[in-house]
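Undergrad: Hey, dropping model-v1.cif in here, mmCIF, C-alpha atoms:
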data_input
#
loop_
_atom_site.label_atom_id
_atom_site.label_comp_id
_atom_site.auth_asym_id
_atom_site.auth_seq_id
_atom_site.Cartn_x
_atom_site.Cartn_y
_atom_site.Cartn_z
CA MET A 1 69.29 86.20 -77.06
CA ILE A 2 70.43 89.81 -76.83
CA SER A 3 67.93 92.37 -78.10
CA VAL A 4 68.80 96.06 -78.32
CA ILE A 5 65.64 98.20 -78.28
CA THR A 6 65.71 101.92 -78.98
CA GLY A 7 62.85 104.10 -77.80
CA ALA A 8 62.61 101.75 -74.83
CA SER A 9 61.86 104.34 -72.14
CA ALA A 10 58.12 104.46 -72.83
CA GLY A 11 55.31 103.27 -75.09
CA ILE A 12 55.60 100.18 -77.22
CA GLY A 13 59.37 100.00 -76.72
CA GLU A 14 58.87 99.68 -72.99
CA ALA A 15 56.09 97.12 -73.39
CA ALA A 16 58.14 95.02 -75.81
CA ALA A 17 61.21 95.12 -73.57
CA VAL A 18 59.23 93.83 -70.62
CA GLU A 19 57.60 91.07 -72.67
CA LEU A 20 60.85 89.93 -74.30
CA ALA A 21 62.53 89.84 -70.89
CA ARG A 22 59.60 87.80 -69.57
CA ARG A 23 60.28 85.34 -72.40
CA GLY A 24 63.91 84.97 -71.36
CA GLN A 25 65.70 87.37 -73.68
CA THR A 26 68.46 89.70 -72.53
CA VAL A 27 67.17 93.15 -73.38
CA VAL A 28 69.31 96.25 -73.75
CA LEU A 29 67.38 99.48 -73.26
CA VAL A 30 68.15 102.66 -75.19
CA GLY A 31 66.22 105.79 -74.29
CA ARG A 32 66.58 109.55 -74.41
CA ASN A 33 65.55 110.17 -70.79
CA PRO A 34 67.77 108.39 -68.23
CA ASP A 35 65.19 108.50 -65.44
CA LYS A 36 62.46 106.98 -67.59
CA THR A 37 64.86 104.37 -68.94
CA ALA A 38 65.91 103.43 -65.39
CA ARG A 39 62.23 103.00 -64.46
CA VAL A 40 61.75 100.57 -67.36
CA ALA A 41 64.90 98.73 -66.29
CA GLU A 42 63.29 98.11 -62.90
CA ARG A 43 60.19 96.73 -64.63
CA VAL A 44 62.42 94.39 -66.61
CA ARG A 45 64.19 93.27 -63.45
CA ALA A 46 60.83 92.55 -61.83
CA VAL A 47 59.93 90.01 -64.54
CA SER A 48 63.41 88.60 -65.26
CA GLY A 49 65.37 88.92 -62.04
CA VAL A 50 68.14 90.73 -63.91
CA LEU A 51 68.72 94.48 -64.20
CA PRO A 52 69.28 95.19 -67.90
CA ASP A 53 71.96 97.41 -69.37
CA THR A 54 70.71 100.89 -70.22
CA PHE A 55 72.06 103.54 -72.57
CA THR A 56 70.95 107.06 -73.32
CA CYS A 57 71.00 108.71 -76.73
CA ASP A 58 69.62 111.89 -78.26
CA TYR A 59 68.69 111.10 -81.86
CA THR A 60 68.64 114.79 -82.75
CA LEU A 61 72.45 114.63 -82.49
CA LEU A 62 74.15 112.29 -84.96
CA GLY A 63 77.32 112.54 -82.91
CA ASP A 64 75.41 111.05 -79.98
CA VAL A 65 74.27 108.20 -82.22
CA ARG A 66 77.90 107.51 -83.12
CA ARG A 67 78.80 107.53 -79.42
CA LEU A 68 76.00 105.04 -78.72
CA GLY A 69 77.24 102.84 -81.55
CA ASP A 70 80.75 102.83 -80.11
CA GLU A 71 79.45 101.96 -76.63
CA LEU A 72 77.33 99.09 -77.90
CA LEU A 73 80.18 97.72 -80.01
CA SER A 74 82.53 97.81 -77.05
CA ARG A 75 80.01 96.08 -74.77
CA TYR A 76 78.56 93.29 -76.95
CA GLU A 77 80.27 90.80 -79.22
CA ARG A 78 76.89 89.78 -80.63
CA ILE A 79 73.50 91.44 -80.99
CA ASP A 80 70.79 88.99 -81.94
CA THR A 81 68.08 91.57 -82.60
CA LEU A 82 68.27 95.30 -83.19
CA VAL A 83 64.92 97.08 -82.84
CA ASN A 84 64.83 100.57 -84.33
CA ASN A 85 61.84 101.96 -82.47
CA ALA A 86 62.72 105.50 -81.32
CA GLY A 87 60.58 108.11 -83.04
CA VAL A 88 58.98 111.53 -82.88
CA MET A 89 56.11 113.46 -84.43
CA THR A 90 55.79 117.24 -84.36
CA THR A 91 53.67 119.71 -86.26
CA GLU A 92 56.41 122.35 -86.02
CA ARG A 93 59.16 122.39 -88.62
CA THR A 94 62.44 122.39 -86.73
CA LEU A 95 66.02 121.54 -87.68
CA THR A 96 68.53 119.57 -85.66
CA ARG A 97 72.05 120.81 -84.99
CA ASP A 98 73.09 118.56 -87.87
CA GLY A 99 70.90 120.67 -90.16
CA HIS A 100 68.22 118.07 -90.89
CA GLU A 101 64.48 118.32 -90.32
CA THR A 102 63.83 116.77 -86.93
CA MET A 103 61.44 113.96 -87.88
CA ILE A 104 63.47 112.66 -90.80
CA GLN A 105 66.58 112.61 -88.61
CA VAL A 106 65.03 110.99 -85.54
CA ASN A 107 62.75 108.56 -87.38
CA HIS A 108 65.08 107.60 -90.21
CA LEU A 109 68.60 109.02 -90.43
CA ALA A 110 69.57 108.20 -86.84
CA PRO A 111 68.40 104.57 -86.99
CA PHE A 112 69.94 104.27 -90.46
CA LEU A 113 73.26 105.39 -88.99
CA LEU A 114 73.03 103.21 -85.88
CA THR A 115 72.14 100.13 -87.90
CA ASN A 116 75.12 100.60 -90.18
CA LEU A 117 77.42 101.15 -87.22
CA LEU A 118 76.24 97.93 -85.54
CA LEU A 119 75.66 95.70 -88.53
CA GLU A 120 78.92 93.81 -88.13
CA ARG A 121 77.64 92.54 -84.74
CA VAL A 122 74.00 91.86 -85.62
CA ALA A 123 73.54 88.12 -85.86
CA GLY A 124 69.83 87.74 -86.48
CA ARG A 125 67.21 90.41 -87.09
CA VAL A 126 66.77 94.13 -87.64
CA ILE A 127 63.23 95.34 -86.89
CA THR A 128 62.10 98.87 -87.66
CA THR A 129 58.96 100.57 -86.42
CA SER A 130 57.27 101.99 -89.48
CA SER A 131 53.60 103.01 -89.70
CA ARG A 132 50.65 102.93 -92.01
CA ALA A 133 51.27 106.69 -92.15
CA GLY A 134 54.01 105.77 -94.61
CA LYS A 135 51.28 105.01 -97.14
CA THR A 136 50.61 108.75 -97.35
CA GLY A 137 54.29 109.62 -97.72
CA GLY A 138 55.66 111.26 -100.83
CA LEU A 139 59.35 110.76 -100.12
CA ASP A 140 61.85 112.57 -102.33
CA PRO A 141 65.41 111.36 -101.65
CA SER A 142 66.74 114.65 -103.02
CA ASP A 143 64.62 116.65 -100.56
CA LEU A 144 64.48 114.65 -97.32
CA ASP A 145 64.02 117.79 -95.24
CA ARG A 146 61.08 119.13 -97.32
CA GLU A 147 62.88 122.37 -98.04
CA ARG A 148 61.43 122.60 -101.55
CA ARG A 149 57.98 121.11 -100.94
CA ARG A 150 54.90 122.11 -99.01
CA TRP A 151 55.41 121.66 -95.31
CA SER A 152 53.00 119.68 -93.19
CA GLY A 153 53.95 117.86 -90.03
CA TRP A 154 51.80 114.86 -90.92
CA LEU A 155 53.14 114.74 -94.49
CA GLN A 156 56.71 114.79 -93.21
CA TYR A 157 55.88 112.17 -90.61
CA GLY A 158 54.50 110.04 -93.44
CA ASP A 159 57.72 110.58 -95.39
CA SER A 160 59.79 109.48 -92.40
CA LYS A 161 57.75 106.31 -91.93
CA GLN A 162 57.81 105.57 -95.65
CA ALA A 163 61.59 105.89 -95.29
CA GLY A 164 61.58 103.21 -92.59
CA ALA A 165 59.85 100.77 -94.91
CA LEU A 166 62.15 101.56 -97.85
CA PHE A 167 65.20 101.31 -95.59
CA THR A 168 64.00 97.81 -94.68
CA VAL A 169 63.66 96.85 -98.36
CA GLU A 170 67.19 97.91 -99.24
CA LEU A 171 68.73 96.60 -96.03
CA ALA A 172 67.18 93.19 -96.66
CA ARG A 173 68.64 93.19 -100.18
CA ARG A 174 72.09 94.02 -98.86
CA LEU A 175 71.84 91.31 -96.20
CA GLN A 176 70.97 88.50 -98.60
CA GLY A 177 73.04 85.42 -97.84
CA THR A 178 74.29 86.68 -94.46
CA GLY A 179 71.66 85.05 -92.25
CA VAL A 180 70.51 88.44 -91.01
CA THR A 181 67.04 89.65 -91.97
CA ALA A 182 65.24 92.99 -91.85
CA THR A 183 61.52 93.59 -91.38
CA CYS A 184 59.32 96.53 -90.41
CA PHE A 185 55.83 96.92 -88.97
CA HIS A 186 52.88 99.12 -88.15
CA PRO A 187 52.16 99.05 -84.41
CA GLY A 188 48.63 100.43 -84.63
CA VAL A 189 47.27 103.66 -83.20
CA ILE A 190 48.37 103.58 -79.60
CA LYS A 191 47.27 105.38 -76.45
CA THR A 192 50.64 106.92 -75.49
CA GLU A 193 52.23 110.34 -75.02
CA PHE A 194 53.38 110.23 -78.65
CA ALA A 195 52.58 113.47 -80.55
CA PRO A 196 50.71 114.89 -77.53
CA SER A 197 50.15 118.31 -79.10
CA THR A 198 48.10 116.98 -82.02
CA PHE A 199 44.31 116.81 -82.03
CA MET A 200 44.37 113.36 -83.60
CA MET A 201 46.37 111.85 -80.74
CA TRP A 202 44.22 113.67 -78.19
CA MET A 203 41.24 111.87 -79.70
CA VAL A 204 43.07 108.54 -79.65
CA LYS A 205 43.74 108.93 -75.95
CA ASN A 206 40.36 110.28 -74.94
CA VAL A 207 37.72 108.86 -77.29
CA PRO A 208 36.66 105.33 -76.29
CA GLY A 209 37.53 102.66 -78.84
CA MET A 210 39.94 104.77 -80.92
CA GLY A 211 43.28 103.62 -79.58
CA GLN A 212 45.04 100.41 -78.59
CA THR A 213 47.08 99.67 -75.50
CA VAL A 214 50.88 99.77 -75.63
CA GLU A 215 50.92 96.01 -75.11
CA GLU A 216 48.74 95.55 -78.20
CA GLY A 217 50.98 97.91 -80.13
CA ALA A 218 54.11 96.06 -79.05
CA SER A 219 52.75 92.64 -79.99
CA THR A 220 53.92 92.74 -83.62
CA MET A 221 57.38 93.89 -82.55
CA VAL A 222 57.57 90.96 -80.14
CA HIS A 223 56.26 88.64 -82.87
CA LEU A 224 58.99 89.69 -85.29
CA ALA A 225 61.66 89.32 -82.60
CA THR A 226 60.60 85.81 -81.55
CA HIS A 227 58.60 84.11 -84.31
CA PRO A 228 59.99 82.47 -87.48
CA ASP A 229 58.14 85.16 -89.46
CA GLY A 230 60.82 87.63 -88.41
CA ALA A 231 63.41 85.64 -90.36
CA ALA A 232 61.28 84.18 -93.14
CA HIS A 233 60.13 87.39 -94.84
CA PRO A 234 63.06 89.75 -95.35
CA GLY A 235 62.20 93.24 -96.51
CA ARG A 236 58.51 92.88 -95.70
CA TYR A 237 56.03 94.98 -93.74
CA PHE A 238 53.82 93.54 -90.99
CA ALA A 239 50.68 94.70 -89.20
CA LYS A 240 48.69 92.90 -86.49
CA GLY A 241 51.27 90.15 -86.39
CA ALA A 242 50.95 89.24 -90.07
CA LEU A 243 52.29 90.23 -93.47
CA ALA A 244 50.51 93.27 -94.86
CA ALA A 245 50.41 94.84 -98.30
CA VAL A 246 51.89 98.28 -98.89
CA PRO A 247 51.80 100.64 -101.88
CA LYS A 248 54.74 100.73 -104.26
CA ARG A 249 56.03 103.93 -102.64
CA MET A 250 56.86 101.81 -99.58
CA SER A 251 58.37 98.86 -101.42
CA ASP A 252 59.95 100.13 -104.66
CA PRO A 253 63.52 98.74 -104.84
CA ALA A 254 64.78 101.61 -107.00
CA LEU A 255 63.40 104.23 -104.61
CA ALA A 256 64.82 102.26 -101.69
CA ARG A 257 68.30 102.32 -103.23
CA ALA A 258 68.04 106.04 -103.95
CA LEU A 259 66.99 106.67 -100.35
CA TRP A 260 69.91 104.59 -99.06
CA ASP A 261 72.39 106.64 -101.08
CA ALA A 262 70.84 109.93 -99.96
CA SER A 263 70.79 108.78 -96.33
CA ALA A 264 74.43 107.70 -96.44
CA ALA A 265 75.38 111.13 -97.77
CA ALA A 266 73.25 112.86 -95.12
CA VAL A 267 74.96 111.12 -92.18
CA ALA A 268 78.49 111.15 -93.60
#
Show this structure as structure tokens.
TA:
Amino acid sequence: MISVITGASAGIGEAAAVELARRGQTVVLVGRNPDKTARVAERVRAVSGVLPDTFTCDYTLLGDVRRLGDELLSRYERIDTLVNNAGVMTTERTLTRDGHETMIQVNHLAPFLLTNLLLERVAGRVITTSSRAGKTGGLDPSDLDRERRRWSGWLQYGDSKQAGALFTVELARRLQGTGVTATCFHPGVIKTEFAPSTFMMWMVKNVPGMGQTVEEGASTMVHLATHPDGAAHPGRYFAKGALAAVPKRMSDPALARALWDASAAAVA
């Protein structure tokens, strides 16, 4: 089993990579920071006896995503599981060199592009890290960058995570009959360096009982990569290792198709 995991240089991506390697899978690590990714590779070697392949990619550059796609296609004839886990949260509104708001590009457009580049090689599952923050999202496919709506970092983060759930809905529809399935999940509120400048995440890290460990956060990702649930419920959202209900804004097929079309145009 070959599992490609983005955002694997820290947090739940790191924890999932180590656990999947412990269970005998061949993991492929994708991270932004080469030194951090190399450190995780050594952790994987410690539990598996094999040094995994590592790749670097900056999701704020769509050209770098295309380069990563080409490298993965040239290296692997089959990818059993693709885990779209890389993500960012910032309270500052910034644009990438591609002209998109940073969170929507890193959390949605880049994984959307990578998935489409690799889909011909994916043989089993596509898993996307969403969040319960998507329940607060008010995604507008015609305004992905929030140029015409009130700006808030947490609102835009919610939009980007709503996008991950809707992407899963439409991807699952398009994959019907192929044997490949798509799911997404909420990892929980995790004690990591994610969104370190926000007061909420400071509380999660420092107030007893507020946050979960990275291993707990990675458990649903591992579940979807290894358990029959990951193939039996295409298009669905999971939390705490089980199916979970979401509002219509995260599951509406028409909105999912509109987002797909807008995303395809944005990365063209």
Undergrad: Which residues, named as in the file, does the PyMOL selection byres ((chain A and resi 116-129) around 7) pick out? Answer as a list in words.
TA: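 So the PyMOL selection byres ((chain A and resi 116-129) around 7) ends up selecting Gly69, Leu73, Glu77, Arg78, Ile79, Asp80, Thr81, Leu82, Val83, Asn84, Asn85, Phe112, Leu113, Leu114, Thr115, Ser130, Ser131, Gly164, Gly179, Val180, Thr181, Ala182, Thr183, Cys184, Phe185, His186 and Ala231 of chain A.
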Undergrad: Pick from A:Tyr157, A:Val65, A:His233, A:Thr90: nearest to A:Asn107, with only C-alpha atoms counted?
TA: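 Smallest distance to A:Asn107 is found for A:Tyr157.
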Undergrad: Under the PyMOL selection byres ((chain A and resi 256) around 12), which residues of this model are included? Write them out as an NGL selection string.
TA: :A and (139-141 or 162-174 or 235 or 248-255 or 257-263)
Undergrad: Run the PyMOL selection byres ((chain A and resi 42-46) around 12) mentally over the shown coordinates, then write out the matched residues as a ChimeraX atom specification, using the chain letters and numbers from the document.
TA: /A:8-10,13-29,35-41,47-54
Undergrad: Which residue gives the smallest distance to A:Ser160 among A:Glu101, A:Gln176, A:Thr213, A:Ser142, with all atoms listed in the file counted?
TA: A:Glu101
Undergrad: Out of A:Leu243, A:Pro187, A:Thr6, A:Thr96, which residue has the shortest atom-to-atom distance to A:Met221 when counting only C-alpha atoms?
TA: A:Pro187
Undergrad: Return the single residue from A:Asp64, A:Gly188, A:Ala110, A:Met89 that is closest to A:Glu215, with distances computed using all atoms listed in the file.
TA: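 Once distances to A:Glu215 are computed over all atoms listed in the file, the minimum belongs to A:Gly188.
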Undergrad: As an exercise, work out the distance from atom CA of A:Gly138 to atom CA of A:Ala239 in Å and give it to one decimal place.
TA: 20.8 Å
Undergrad: Can you pull out the residues contacting A:His223? Cut-off 10 Å, using only C-alpha atoms, and skip same-chain residues under 3 positions away; I want them as a PyMOL selection string.
TA: chain A and resi 16+20+218-220+226-230+238+240-242
Undergrad: Would you mind telling me which residue in A:Val267, A:Ser74, A:Ala133, A:Gly217 lies nearest to A:Gly99 when using all atoms listed in the file?
TA: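 Closest residue, counting all atoms listed in the file: A:Val267.
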Undergrad: Please determine, counting only C-alpha atoms, which residue among A:Ile190, A:Leu61, A:Leu109, A:Leu155 has the shortest atom-to-atom distance to A:Val214.
TA: A:Ile190
Undergrad: Mind pulling up the distance from atom CA of A:Ala265 to atom CA of A:Pro247?
TA: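 Interatomic distance here is 26.1 Å.
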Undergrad: What does the distance from atom CA of A:Gly137 to atom CA of A:Arg150 come to in Å, to one decimal?
TA: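 Interatomic distance, atom CA of A:Gly137 to atom CA of A:Arg150: 12.6 Å.
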Undergrad: Neighbours of A:His100 within 7 Å (all atoms listed in the file; same-chain residues fewer than 5 positions away dropped), as a list of chain:residue names?
TA: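 Answer for this query is A:Leu95, A:Gln105, A:Asp145.
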